[in-house]
file target.txt (compact mmCIF, C-alpha atoms)
# COMPACT_ATOMS: atom_id res chain seq x y z
CA MET A 23 -35.59 19.20 28.77
CA SER A 24 -33.50 18.48 25.73
CA GLU A 25 -29.87 17.56 25.87
CA HIS A 26 -26.97 16.65 23.68
CA ARG A 27 -26.05 14.07 26.29
CA CYS A 28 -28.49 11.70 27.90
CA ASP A 29 -28.26 9.53 30.98
CA ILE A 30 -29.67 6.09 30.30
CA THR A 31 -30.27 3.04 32.43
CA LEU A 32 -31.03 -0.22 30.69
CA THR A 33 -30.32 -3.91 30.89
CA VAL A 34 -27.95 -5.44 28.39
CA ASN A 35 -27.84 -9.22 28.29
CA GLY A 36 -29.45 -9.27 31.72
CA GLU A 37 -27.01 -6.88 33.36
CA SER A 38 -28.00 -3.42 34.47
CA VAL A 39 -26.07 -0.65 32.74
CA ALA A 40 -26.09 3.07 33.52
CA GLU A 41 -24.22 5.37 31.13
CA SER A 42 -24.16 8.88 29.82
CA VAL A 43 -24.29 8.91 26.02
CA ASP A 44 -24.22 11.41 23.18
CA ALA A 45 -27.78 11.98 21.95
CA ARG A 46 -26.62 11.17 18.45
CA LYS A 47 -25.01 7.84 19.32
CA THR A 48 -26.72 4.86 17.72
CA LEU A 49 -27.51 1.79 19.79
CA VAL A 50 -25.01 -0.37 17.93
CA ASP A 51 -22.19 2.15 18.43
CA PHE A 52 -23.06 2.32 22.12
CA LEU A 53 -22.94 -1.47 22.42
CA ARG A 54 -19.66 -1.74 20.54
CA ASP A 55 -17.78 1.35 21.73
CA ASP A 56 -19.03 1.84 25.28
CA LEU A 57 -19.79 -1.73 26.31
CA VAL A 58 -17.24 -3.47 24.03
CA LEU A 59 -19.91 -5.91 22.84
CA THR A 60 -18.45 -6.17 19.37
CA GLY A 61 -20.51 -9.12 18.18
CA SER A 62 -23.04 -6.73 16.67
CA HIS A 63 -21.47 -5.42 13.49
CA VAL A 64 -21.65 -2.07 11.75
CA GLY A 65 -22.14 -2.42 8.03
CA CYS A 66 -24.14 0.09 6.04
CA GLU A 67 -25.30 2.35 8.88
CA HIS A 68 -28.58 3.06 7.15
CA GLY A 69 -30.73 0.04 7.86
CA VAL A 70 -30.10 -2.00 4.74
CA CYS A 71 -27.57 -4.72 5.60
CA GLY A 72 -28.83 -6.14 8.91
CA ALA A 73 -25.36 -6.73 10.37
CA CYS A 74 -26.23 -4.62 13.43
CA THR A 75 -29.38 -6.59 14.34
CA VAL A 76 -29.99 -6.80 18.11
CA ARG A 77 -33.04 -7.44 20.26
CA VAL A 78 -34.77 -4.64 22.14
CA ASP A 79 -37.59 -5.58 24.49
CA GLY A 80 -37.73 -9.01 22.92
CA VAL A 81 -37.88 -8.12 19.24
CA ILE A 82 -35.17 -7.69 16.63
CA VAL A 83 -34.29 -4.17 15.53
CA ARG A 84 -31.64 -2.42 13.49
CA GLY A 85 -28.99 -1.28 15.94
CA CYS A 86 -28.07 1.54 13.55
CA LEU A 87 -31.63 2.88 13.33
CA MET A 88 -32.19 3.31 17.06
CA LEU A 89 -30.44 5.78 19.28
CA ALA A 90 -28.88 4.66 22.53
CA ALA A 91 -30.82 7.53 24.13
CA GLN A 92 -34.05 5.80 23.13
CA CYS A 93 -33.09 2.69 25.07
CA ASP A 94 -33.51 4.18 28.54
CA GLY A 95 -35.44 1.53 30.45
CA ALA A 96 -35.14 -1.00 27.64
CA ARG A 97 -34.04 -4.63 27.71
CA VAL A 98 -31.34 -5.11 25.09
CA GLU A 99 -29.97 -8.48 24.03
CA THR A 100 -27.00 -8.94 21.73
CA ILE A 101 -25.53 -12.01 20.07
CA GLU A 102 -23.18 -12.37 23.07
CA GLY A 103 -26.06 -12.77 25.50
CA VAL A 104 -28.28 -14.83 23.25
CA SER A 105 -25.50 -17.27 22.34
CA ASP A 106 -24.11 -17.53 25.91
CA GLY A 107 -27.60 -18.30 27.17
CA GLY A 108 -27.80 -21.36 24.91
CA GLU A 109 -31.01 -20.25 23.24
CA ILE A 110 -29.63 -20.65 19.75
CA ALA A 111 -27.00 -23.35 20.28
CA ASP A 112 -28.74 -25.63 17.76
CA LEU A 113 -28.92 -22.85 15.19
CA GLN A 114 -25.24 -22.02 15.65
CA ALA A 115 -24.32 -25.70 15.24
CA ALA A 116 -26.44 -25.96 12.09
CA PHE A 117 -24.76 -22.87 10.60
CA GLU A 118 -21.39 -24.50 11.20
CA GLN A 119 -22.40 -27.90 9.87
CA ARG A 120 -23.99 -26.50 6.72
CA ASN A 121 -21.29 -23.94 5.94
CA ALA A 122 -23.85 -21.19 6.41
CA LEU A 123 -21.09 -18.75 7.20
CA GLN A 124 -17.69 -17.97 5.79
CA CYS A 125 -16.38 -14.59 6.92
CA GLY A 126 -18.99 -14.40 9.68
CA PHE A 127 -19.70 -10.70 9.39
CA CYS A 128 -23.44 -11.18 8.80
CA THR A 129 -23.79 -14.18 11.10
CA PRO A 130 -24.80 -12.51 14.41
CA GLY A 131 -27.57 -10.58 12.67
CA MET A 132 -28.54 -13.60 10.60
CA LEU A 133 -28.84 -15.80 13.71
CA LEU A 134 -30.99 -13.32 15.63
CA THR A 135 -33.20 -12.75 12.60
CA ALA A 136 -33.63 -16.48 12.04
CA GLN A 137 -34.33 -17.11 15.70
CA GLU A 138 -37.22 -14.64 15.69
CA LEU A 139 -38.85 -16.60 12.88
CA LEU A 140 -38.17 -19.98 14.50
CA ALA A 141 -39.43 -18.80 17.89
CA GLY A 142 -42.84 -18.39 16.24
CA GLY A 143 -43.00 -22.19 16.04
CA GLY A 144 -43.79 -24.59 13.22
CA VAL A 145 -41.70 -25.25 10.15
CA PRO A 146 -41.70 -22.19 7.91
CA SER A 147 -41.48 -22.65 4.15
CA ARG A 148 -38.15 -21.94 2.45
CA GLU A 149 -39.85 -18.97 0.83
CA LYS A 150 -40.83 -17.64 4.26
CA ILE A 151 -37.29 -18.18 5.52
CA ARG A 152 -35.90 -16.24 2.56
CA GLU A 153 -38.41 -13.47 3.22
CA GLN A 154 -37.37 -13.32 6.88
CA ILE A 155 -33.66 -12.97 6.08
CA SER A 156 -34.26 -10.64 3.10
CA GLY A 157 -33.07 -7.75 5.27
CA ASN A 158 -29.74 -9.39 6.10
CA TYR A 159 -26.95 -9.23 3.54
CA CYS A 160 -24.51 -12.10 3.22
CA ARG A 161 -21.77 -11.57 0.66
CA CYS A 162 -20.17 -15.02 1.04
CA THR A 163 -22.60 -17.89 1.02
CA GLY A 164 -25.22 -17.14 -1.60
CA TYR A 165 -27.83 -17.72 1.13
CA HIS A 166 -28.69 -21.28 0.11
CA ALA A 167 -26.75 -22.85 2.98
CA ILE A 168 -28.25 -20.36 5.42
CA VAL A 169 -31.77 -21.31 4.34
CA ASP A 170 -30.78 -25.00 4.68
CA ALA A 171 -29.48 -24.43 8.21
CA ILE A 172 -32.54 -22.51 9.38
CA GLU A 173 -34.88 -25.06 7.81
CA SER A 174 -33.06 -27.99 9.43
CA VAL A 175 -33.33 -26.38 12.86
CA ALA A 176 -37.03 -25.71 12.31
CA GLN A 177 -37.48 -29.40 11.44
CA ALA A 178 -35.45 -30.55 14.43
CA ARG A 179 -37.29 -28.29 16.86
CA ALA A 180 -40.60 -29.57 15.50
CA GLY A 181 -39.40 -33.09 16.32
CA ASN A 182 -38.96 -34.22 12.71
CA LYS A 183 -36.11 -36.64 12.02
CA PRO A 184 -33.56 -35.39 9.48
CA MET B 7 -21.49 7.72 8.63
CA LYS B 8 -22.55 9.19 11.95
CA PRO B 9 -25.22 11.85 12.47
CA SER B 10 -24.42 15.50 13.08
CA PRO B 11 -24.89 16.50 16.72
CA PHE B 12 -28.44 17.14 17.83
CA ALA B 13 -30.33 17.47 21.07
CA TYR B 14 -32.80 14.79 22.09
CA ALA B 15 -36.02 15.32 24.00
CA LYS B 16 -38.52 12.69 24.99
CA ALA B 17 -42.02 14.14 24.63
CA LYS B 18 -44.18 13.37 27.67
CA SER B 19 -47.46 14.07 25.91
CA LEU B 20 -48.86 15.23 22.59
CA ASP B 21 -49.10 18.78 23.95
CA HIS B 22 -45.48 18.57 25.09
CA ALA B 23 -44.39 17.42 21.61
CA ILE B 24 -46.23 20.33 20.01
CA GLU B 25 -44.70 22.71 22.55
CA LEU B 26 -41.22 21.40 21.73
CA LEU B 27 -41.95 21.80 18.01
CA SER B 28 -42.98 25.38 18.62
CA ARG B 29 -39.66 26.37 20.12
CA PRO B 30 -37.97 28.98 17.97
CA ASP B 31 -34.42 27.70 18.35
CA GLY B 32 -34.09 25.90 15.06
CA GLU B 33 -35.15 22.93 13.11
CA ALA B 34 -36.80 20.16 15.12
CA ARG B 35 -37.88 16.77 13.80
CA LEU B 36 -40.30 14.26 15.24
CA LEU B 37 -38.89 10.80 15.89
CA ALA B 38 -41.41 7.95 15.64
CA GLY B 39 -40.10 4.57 14.43
CA GLY B 40 -37.01 6.26 13.04
CA GLN B 41 -36.56 3.70 10.28
CA SER B 42 -36.26 6.39 7.61
CA LEU B 43 -35.32 9.38 9.76
CA ILE B 44 -32.30 7.87 11.51
CA ALA B 45 -31.00 6.53 8.20
CA THR B 46 -31.13 10.05 6.74
CA LEU B 47 -29.43 11.42 9.89
CA ASN B 48 -26.69 8.79 9.62
CA MET B 49 -26.12 9.78 6.00
CA ARG B 50 -26.29 13.47 6.96
CA LEU B 51 -29.02 14.09 4.45
CA SER B 52 -30.80 15.78 7.32
CA ALA B 53 -29.29 17.64 10.29
CA PRO B 54 -32.00 18.82 12.70
CA LYS B 55 -31.00 20.64 15.90
CA LEU B 56 -33.55 18.78 18.00
CA LEU B 57 -35.11 15.32 17.82
CA ILE B 58 -38.43 15.01 19.62
CA ASP B 59 -39.03 11.39 20.51
CA LEU B 60 -42.74 10.55 20.38
CA ASN B 61 -42.33 6.97 21.56
CA GLY B 62 -43.10 7.62 25.20
CA ILE B 63 -46.47 9.24 24.52
CA GLY B 64 -49.36 7.07 25.63
CA GLY B 65 -52.48 6.75 23.51
CA LEU B 66 -50.85 7.32 20.14
CA ALA B 67 -50.66 3.60 19.30
CA GLY B 68 -53.47 1.15 18.79
CA ILE B 69 -56.10 -0.04 16.37
CA ALA B 70 -59.82 0.54 16.85
CA VAL B 71 -62.84 -0.20 14.68
CA LYS B 72 -65.61 2.31 15.23
CA ASN B 73 -68.33 4.10 13.27
CA GLY B 74 -67.57 2.05 10.17
CA GLN B 75 -63.93 3.12 10.18
CA VAL B 76 -60.63 1.59 11.19
CA GLU B 77 -58.60 4.06 13.21
CA ILE B 78 -54.89 3.38 13.47
CA GLY B 79 -52.88 5.39 15.98
CA ALA B 80 -49.82 7.03 14.47
CA LEU B 81 -47.35 5.13 16.67
CA THR B 82 -48.79 1.70 15.79
CA ARG B 83 -45.88 -0.39 14.57
CA HIS B 84 -46.03 -2.28 11.29
CA ALA B 85 -45.51 -5.59 13.09
CA GLU B 86 -48.38 -4.88 15.47
CA ALA B 87 -50.71 -4.08 12.56
CA GLU B 88 -49.51 -7.20 10.75
CA ARG B 89 -50.62 -9.34 13.70
CA SER B 90 -53.92 -7.52 14.17
CA ALA B 91 -57.12 -9.47 13.49
CA ASP B 92 -58.93 -6.14 13.10
CA ILE B 93 -56.59 -5.05 10.31
CA ALA B 94 -56.90 -8.43 8.57
CA ARG B 95 -60.68 -8.32 8.69
CA HIS B 96 -61.53 -4.64 8.39
CA ALA B 97 -58.57 -3.18 6.49
CA PRO B 98 -57.58 -6.05 4.19
CA LEU B 99 -55.71 -3.79 1.75
CA ILE B 100 -53.36 -2.66 4.51
CA ALA B 101 -52.98 -6.30 5.56
CA LEU B 102 -51.91 -7.18 1.99
CA ALA B 103 -49.42 -4.31 1.87
CA LEU B 104 -47.73 -4.69 5.27
CA PRO B 105 -45.57 -7.74 4.51
CA HIS B 106 -43.99 -5.80 1.64
CA ILE B 107 -42.74 -3.04 3.94
CA GLY B 108 -39.08 -3.35 4.77
CA HIS B 109 -37.96 -6.40 6.69
CA ALA B 110 -38.91 -8.04 9.98
CA ALA B 111 -36.57 -5.85 12.06
CA ILE B 112 -37.78 -2.72 10.28
CA ARG B 113 -41.44 -3.63 10.80
CA ASN B 114 -40.82 -4.15 14.51
CA ARG B 115 -39.91 -0.46 14.85
CA GLY B 116 -41.46 1.40 11.91
CA THR B 117 -44.81 3.06 12.50
CA LEU B 118 -47.82 3.53 10.23
CA GLY B 119 -48.06 7.21 11.10
CA GLY B 120 -44.37 7.72 10.37
CA SER B 121 -44.69 6.11 6.96
CA ILE B 122 -47.64 8.33 6.03
CA ALA B 123 -45.99 11.49 7.40
CA PHE B 124 -42.68 10.78 5.65
CA ALA B 125 -44.59 10.15 2.38
CA ASP B 126 -41.87 8.39 0.45
CA PRO B 127 -43.22 8.25 -3.11
CA ALA B 128 -42.23 4.58 -3.41
CA ALA B 129 -43.78 3.55 -0.07
CA GLU B 130 -46.77 1.24 0.22
CA LEU B 131 -48.92 2.82 2.92
CA PRO B 132 -49.42 6.29 1.40
CA ALA B 133 -50.81 4.56 -1.71
CA CYS B 134 -53.05 2.36 0.46
CA LEU B 135 -54.41 5.41 2.27
CA LEU B 136 -55.16 7.03 -1.09
CA ALA B 137 -56.76 3.90 -2.56
CA LEU B 138 -58.96 3.54 0.52
CA ASP B 139 -60.02 7.20 0.47
CA GLY B 140 -58.72 7.44 4.03
CA GLU B 141 -58.03 10.45 6.18
CA VAL B 142 -55.35 11.76 8.49
CA ASP B 143 -55.78 13.36 11.93
CA ILE B 144 -53.39 16.19 12.69
CA ALA B 145 -52.76 18.03 15.95
CA SER B 146 -51.22 21.51 15.96
CA PRO B 147 -50.78 24.47 18.33
CA THR B 148 -54.10 25.86 17.04
CA GLY B 149 -56.11 22.67 17.39
CA LYS B 150 -56.95 19.45 15.59
CA ARG B 151 -57.95 18.93 11.99
CA THR B 152 -58.62 16.07 9.59
CA VAL B 153 -57.25 15.95 6.04
CA GLN B 154 -58.47 13.61 3.30
CA ALA B 155 -55.85 11.40 1.61
CA ASP B 156 -56.62 13.08 -1.73
CA ASP B 157 -55.47 16.40 -0.22
CA PHE B 158 -52.68 15.12 2.02
CA PHE B 159 -49.84 14.23 -0.38
CA LYS B 160 -48.60 17.48 -1.94
CA GLY B 161 -45.24 16.81 -3.54
CA LEU B 162 -42.00 14.92 -3.16
CA PHE B 163 -41.78 14.15 0.60
CA GLU B 164 -44.22 17.04 1.04
CA THR B 165 -47.57 16.68 2.76
CA ALA B 166 -50.31 18.80 4.31
CA LEU B 167 -48.31 18.66 7.57
CA GLY B 168 -46.84 21.99 8.63
CA PRO B 169 -43.67 22.43 10.72
CA ARG B 170 -45.63 22.46 13.99
CA ASP B 171 -48.06 19.65 13.15
CA VAL B 172 -48.13 16.15 14.56
CA LEU B 173 -49.89 13.36 12.69
CA THR B 174 -51.86 11.49 15.38
CA ALA B 175 -53.90 8.84 13.54
CA ILE B 176 -55.05 7.60 10.18
CA ARG B 177 -58.54 6.36 9.42
CA VAL B 178 -59.82 4.22 6.58
CA PRO B 179 -63.35 2.97 5.90
CA ALA B 180 -63.89 -0.51 7.33
CA ALA B 181 -64.26 -3.06 4.55
CA ALA B 182 -67.84 -4.08 3.80
CA ASP B 183 -68.92 -7.47 2.43
CA ASP B 184 -68.77 -6.12 -1.12
CA THR B 185 -65.40 -4.40 -0.70
CA ARG B 186 -62.69 -5.78 -2.94
CA VAL B 187 -59.01 -4.95 -2.59
CA GLY B 188 -55.86 -5.71 -4.54
CA PHE B 189 -52.18 -5.08 -4.03
CA ALA B 190 -49.04 -5.90 -6.00
CA GLU B 191 -45.60 -4.42 -6.45
CA PHE B 192 -42.33 -5.06 -8.21
CA ALA B 193 -39.22 -4.74 -6.07
CA ARG B 194 -35.77 -6.11 -6.83
CA ARG B 195 -35.61 -7.76 -3.44
CA HIS B 196 -38.40 -8.54 -0.99
CA GLY B 197 -38.80 -5.59 1.36
CA ASP B 198 -37.02 -3.06 -0.83
CA TYR B 199 -38.83 0.04 -1.96
CA ALA B 200 -40.92 -0.82 -4.99
CA MET B 201 -39.92 0.06 -8.54
CA VAL B 202 -43.65 0.28 -9.22
CA GLY B 203 -46.58 -0.70 -7.03
CA LEU B 204 -50.35 -0.59 -7.07
CA ALA B 205 -52.88 -0.52 -4.25
CA ALA B 206 -56.53 -0.76 -5.24
CA CYS B 207 -59.97 -0.79 -3.73
CA ALA B 208 -63.42 -1.27 -5.28
CA GLN B 209 -66.96 -2.28 -4.44
CA ALA B 210 -68.36 -5.43 -6.05
CA ASP B 211 -71.36 -4.42 -8.09
CA GLY B 212 -73.20 -7.45 -9.42
CA LYS B 213 -70.61 -9.10 -11.66
CA GLY B 214 -68.67 -5.88 -12.14
CA LEU B 215 -66.86 -3.31 -10.04
CA GLY B 216 -67.87 0.13 -8.84
CA ASP B 217 -66.02 2.92 -7.05
CA VAL B 218 -62.68 1.66 -8.32
CA ARG B 219 -59.69 3.53 -6.84
CA LEU B 220 -56.26 2.69 -8.24
CA ALA B 221 -53.31 4.23 -6.39
CA TYR B 222 -49.88 3.75 -7.97
CA PHE B 223 -46.63 4.32 -6.11
CA GLY B 224 -43.06 4.62 -7.33
CA VAL B 225 -44.20 6.36 -10.52
CA GLY B 226 -44.14 10.01 -9.46
CA ALA B 227 -43.50 12.46 -6.64
CA VAL B 228 -46.63 11.33 -4.77
CA PRO B 229 -48.90 8.30 -4.86
CA LEU B 230 -51.06 8.76 -7.97
CA ARG B 231 -54.63 7.83 -8.84
CA ALA B 232 -55.02 6.35 -12.33
CA LYS B 233 -58.43 7.86 -12.90
CA LYS B 234 -58.96 7.01 -16.56
CA ALA B 235 -57.98 3.41 -15.92
CA GLU B 236 -60.40 3.39 -12.98
CA THR B 237 -63.24 4.33 -15.34
CA ARG B 238 -62.25 1.68 -17.87
CA LEU B 239 -62.05 -0.94 -15.14
CA THR B 240 -65.49 0.04 -13.89
CA GLU B 241 -66.70 -0.61 -17.44
CA GLY B 242 -65.16 -4.05 -17.13
CA ASN B 243 -62.50 -3.73 -19.79
CA ILE B 244 -59.05 -4.61 -18.53
CA ASP B 245 -57.28 -4.12 -21.88
CA ASP B 246 -58.71 -0.63 -22.20
CA ALA B 247 -57.80 0.09 -18.58
CA VAL B 248 -54.17 -0.86 -19.26
CA LYS B 249 -54.17 1.35 -22.38
CA ALA B 250 -55.63 4.23 -20.37
CA LEU B 251 -52.60 4.16 -18.07
CA ALA B 252 -50.67 5.93 -20.84
CA SER B 253 -52.70 9.10 -20.14
CA ASP B 254 -52.84 8.58 -16.35
CA LEU B 255 -49.14 8.03 -15.67
CA ASP B 256 -45.90 9.51 -16.94
CA PRO B 257 -43.18 7.98 -14.79
CA SER B 258 -39.64 9.29 -14.94
CA GLY B 259 -36.79 6.85 -14.98
CA ASP B 260 -34.69 6.35 -11.87
CA VAL B 261 -31.74 4.20 -10.81
CA GLN B 262 -33.93 1.10 -10.91
CA ALA B 263 -35.77 1.40 -14.21
CA THR B 264 -36.49 3.65 -17.18
CA GLY B 265 -39.83 5.42 -17.47
CA ALA B 266 -40.82 3.06 -20.28
CA THR B 267 -40.07 0.01 -18.14
CA LYS B 268 -42.12 1.44 -15.30
CA MET B 269 -45.04 2.06 -17.67
CA HIS B 270 -44.88 -1.52 -18.85
CA LEU B 271 -44.74 -2.82 -15.27
CA ALA B 272 -47.67 -0.59 -14.31
CA GLY B 273 -49.75 -2.41 -16.92
CA VAL B 274 -48.64 -5.82 -15.70
CA LEU B 275 -49.56 -4.82 -12.13
CA LEU B 276 -52.97 -3.58 -13.25
CA ARG B 277 -53.81 -6.94 -14.79
CA ARG B 278 -52.73 -8.76 -11.61
CA VAL B 279 -54.58 -6.41 -9.30
CA ALA B 280 -57.71 -6.40 -11.48
CA ARG B 281 -57.82 -10.18 -11.08
CA GLN B 282 -57.59 -9.80 -7.30
CA LEU B 283 -60.39 -7.21 -7.32
CA MET B 284 -62.67 -9.54 -9.24
CA GLU B 285 -62.15 -12.50 -6.98
CA ALA B 286 -64.90 -13.07 -4.44
CA ARG B 287 -63.85 -12.27 -0.90
CA SER B 288 -63.11 -15.41 1.03

call {"tool": "encode", "arguments": {"input": "target.txt", "output": "structure tokens"}}
result
Amino acid sequence: MSEHRCDITLTVNGESVAESVDARKTLVDFLRDDLVLTGSHVGCEHGVCGACTVRVDGVIVRGCLMLAAQCDGARVETIEGVSDGGEIADLQAAFEQRNALQCGFCTPGMLLTAQELLAGGGVPSREKIREQISGNYCRCTGYHAIVDAIESVAQARAGNKP
Amino acid sequence: MKPSPFAYAKAKSLDHAIELLSRPDGEARLLAGGQSLIATLNMRLSAPKLLIDLNGIGGLAGIAVKNGQVEIGALTRHAEAERSADIARHAPLIALALPHIGHAAIRNRGTLGGSIAFADPAAELPACLLALDGEVDIASPTGKRTVQADDFFKGLFETALGPRDVLTAIRVPAAADDTRVGFAEFARRHGDYAMVGLAACAQADGKGLGDVRLAYFGVGAVPLRAKKAETRLTEGNIDDAVKALASDLDPSGDVQATGATKMHLAGVLLRRVARQLMEARS
């Protein structure tokens, strides 16, 4: 009925995974330690920094604020899967072109967070972009270049010429 | 940090969750959105022996408008409420507050019931529930009961919920044509817990306001009504209402601001929110 270890079956980046995990293991630790998907980063471990952002059942979540045990039957996507699939190739290119990353620690979470906003369509205001990424810490860039990159992709996807 | 070891059980039904809570073998905690609970586990501020996951229980999420009330199932996620046309139309105060809660990823997981049950004194939704004169449905081994918002928040992170209770829904009166609402907060960063915040509801009464309810958060152990300021605002005098806050509130300082700063900000918020209350509903 209740266990310190849990058997879970889920899909991660489209592949079926079946593992036995400690009940107390967070999703991001499971992805990094058990599946060696180290693109999702562990920063604050209490939901503040956003470095561990992944997608569960299509929406972004904090990987440190969900347990792996809760992901039985879930569809999990990490930066590895989302970038390999080409979904955010334009966003990645814009981050590079605009110097929207330096050390890169926040970048996977930043990209997934930005993509959720952009997937909603339209060209969000810079204020809305800042609001969207307010839960993702970047200690290098000062955010301005990140907002520029996200805005430019929104414009490009809406068919506006730069 | 990593959490202390605990056992995990997925509740199959509300009755099953209550049964698990009733087990004598030590401290059990209910897991809803987990956006506060798992953070406290990670920091080892809390070390329950058993986590009871409510997320698989059907029927605990959803928004319904009936009998002049908006009923919000406890497991309704912030993001779902944010997208809800029923919330926008019938619970406009909650609609104003939701974008201030955490960040996009937090709102995708966090639940309205969890926020009310956790009762963080700086959180938005407990104050909204109080301002709206809402109520909370609770299930327990001995049956179901309903508690008014005025009686629900007891102390710091302390509510009318007992150790074997499960919060199942919250209800607020559906907004009428003459309902006016206002919401504002000061936070250092969008989505952070507020230094001071104010949720307010009133009924337009000719050119003035009646039934004003001002619920401050971040200024005490629980969300607080500013009752003297409510009276002054009903009389139509904003300056007097701001002055009356001195007898309604006595905030302590914290890491973010001194008590005096919070008092000043409470006045600034009252002026902003009073303006919102007096605007005609679009």

call {"tool": "atom_distance", "arguments": {"input": "target.txt", "atom1": "CA of Gly197 (chain B)", "atom2": "CA of Asn121 (chain A)"}}
result
25.8 Å

call {"tool": "closest_residue", "arguments": {"input": "target.txt", "among": "B:Arg35, B:Lys249, B:His196, B:Arg95", "to": "Glu236 (chain B)", "atoms": "only C-alpha atoms"}}
result
B:Lys249

call {"tool": "residues_around", "arguments": {"input": "target.txt", "residues": "Asp170 (chain A)", "least_positions_apart": "2", "cutoff": "12 Å", "atoms": "all atoms listed in the file", "output": "VMD selection string"}}
result
chain A and resid 113 116 to 123 136 146 to 149 151 to 152 163 to 168 172 to 177 184

call {"tool": "atom_distance", "arguments": {"input": "target.txt", "atom1": "CA of Ser10 (chain B)", "atom2": "CA of Leu89 (chain A)"}}
result
13.0 Å

call {"tool": "interface_residues", "arguments": {"input": "target.txt", "of": "chain A", "to": "chain B", "cutoff": "7 Å", "atoms": "only C-alpha atoms", "output": "PDB file with C-alpha atoms, in the frame of the given file"}}
result
ATOM      1  CA  MET A  23     -35.590  19.200  28.770  1.00  0.00           C
ATOM      2  CA  SER A  24     -33.500  18.480  25.730  1.00  0.00           C
ATOM      3  CA  GLU A  25     -29.870  17.560  25.870  1.00  0.00           C
ATOM      4  CA  HIS A  26     -26.970  16.650  23.680  1.00  0.00           C
ATOM      5  CA  ALA A  45     -27.780  11.980  21.950  1.00  0.00           C
ATOM      6  CA  ARG A  46     -26.620  11.170  18.450  1.00  0.00           C
ATOM      7  CA  GLU A  67     -25.300   2.350   8.880  1.00  0.00           C
ATOM      8  CA  HIS A  68     -28.580   3.060   7.150  1.00  0.00           C
ATOM      9  CA  GLY A  69     -30.730   0.040   7.860  1.00  0.00           C
ATOM     10  CA  VAL A  81     -37.880  -8.120  19.240  1.00  0.00           C
ATOM     11  CA  ILE A  82     -35.170  -7.690  16.630  1.00  0.00           C
ATOM     12  CA  VAL A  83     -34.290  -4.170  15.530  1.00  0.00           C
ATOM     13  CA  ARG A  84     -31.640  -2.420  13.490  1.00  0.00           C
ATOM     14  CA  LEU A  87     -31.630   2.880  13.330  1.00  0.00           C
ATOM     15  CA  MET A  88     -32.190   3.310  17.060  1.00  0.00           C
ATOM     16  CA  GLU A 153     -38.410 -13.470   3.220  1.00  0.00           C
ATOM     17  CA  GLN A 154     -37.370 -13.320   6.880  1.00  0.00           C
ATOM     18  CA  SER A 156     -34.260 -10.640   3.100  1.00  0.00           C
ATOM     19  CA  GLY A 157     -33.070  -7.750   5.270  1.00  0.00           C
TER      20      GLY A 157
END

call {"tool": "decode", "arguments": {"input": "target.txt", "residues": "region 118-126 of chain A", "atoms": "N, CA, C and O atoms", "output": "compact mmCIF listing (two decimals), in the first residue's frame"}}
result
# COMPACT_ATOMS: atom_id res chain seq x y z
N GLU A 118 22.05 31.69 -28.98
CA GLU A 118 23.48 31.76 -29.32
C GLU A 118 23.80 33.11 -29.98
O GLU A 118 24.74 33.79 -29.60
N GLN A 119 22.97 33.48 -30.96
CA GLN A 119 23.24 34.72 -31.69
C GLN A 119 23.21 35.95 -30.80
O GLN A 119 23.95 36.91 -31.01
N ARG A 120 22.33 35.94 -29.82
CA ARG A 120 22.13 37.14 -28.99
C ARG A 120 22.92 37.08 -27.69
O ARG A 120 22.68 37.91 -26.81
N ASN A 121 23.80 36.10 -27.55
CA ASN A 121 24.55 35.96 -26.29
C ASN A 121 23.61 35.82 -25.09
O ASN A 121 23.84 36.42 -24.04
N ALA A 122 22.56 35.07 -25.26
CA ALA A 122 21.58 34.91 -24.19
C ALA A 122 21.99 33.81 -23.21
O ALA A 122 21.19 33.39 -22.39
N LEU A 123 23.21 33.33 -23.36
CA LEU A 123 23.75 32.43 -22.35
C LEU A 123 25.24 32.66 -22.25
O LEU A 123 25.89 33.06 -23.22
N GLN A 124 25.77 32.44 -21.05
CA GLN A 124 27.22 32.44 -20.89
C GLN A 124 27.64 31.11 -20.31
O GLN A 124 28.12 30.24 -21.02
N CYS A 125 27.36 30.88 -19.03
CA CYS A 125 27.78 29.59 -18.45
C CYS A 125 26.85 28.46 -18.88
O CYS A 125 27.23 27.30 -18.89
N GLY A 126 25.60 28.79 -19.18
CA GLY A 126 24.67 27.79 -19.69
C GLY A 126 23.91 27.01 -18.65
O GLY A 126 23.07 26.18 -18.99
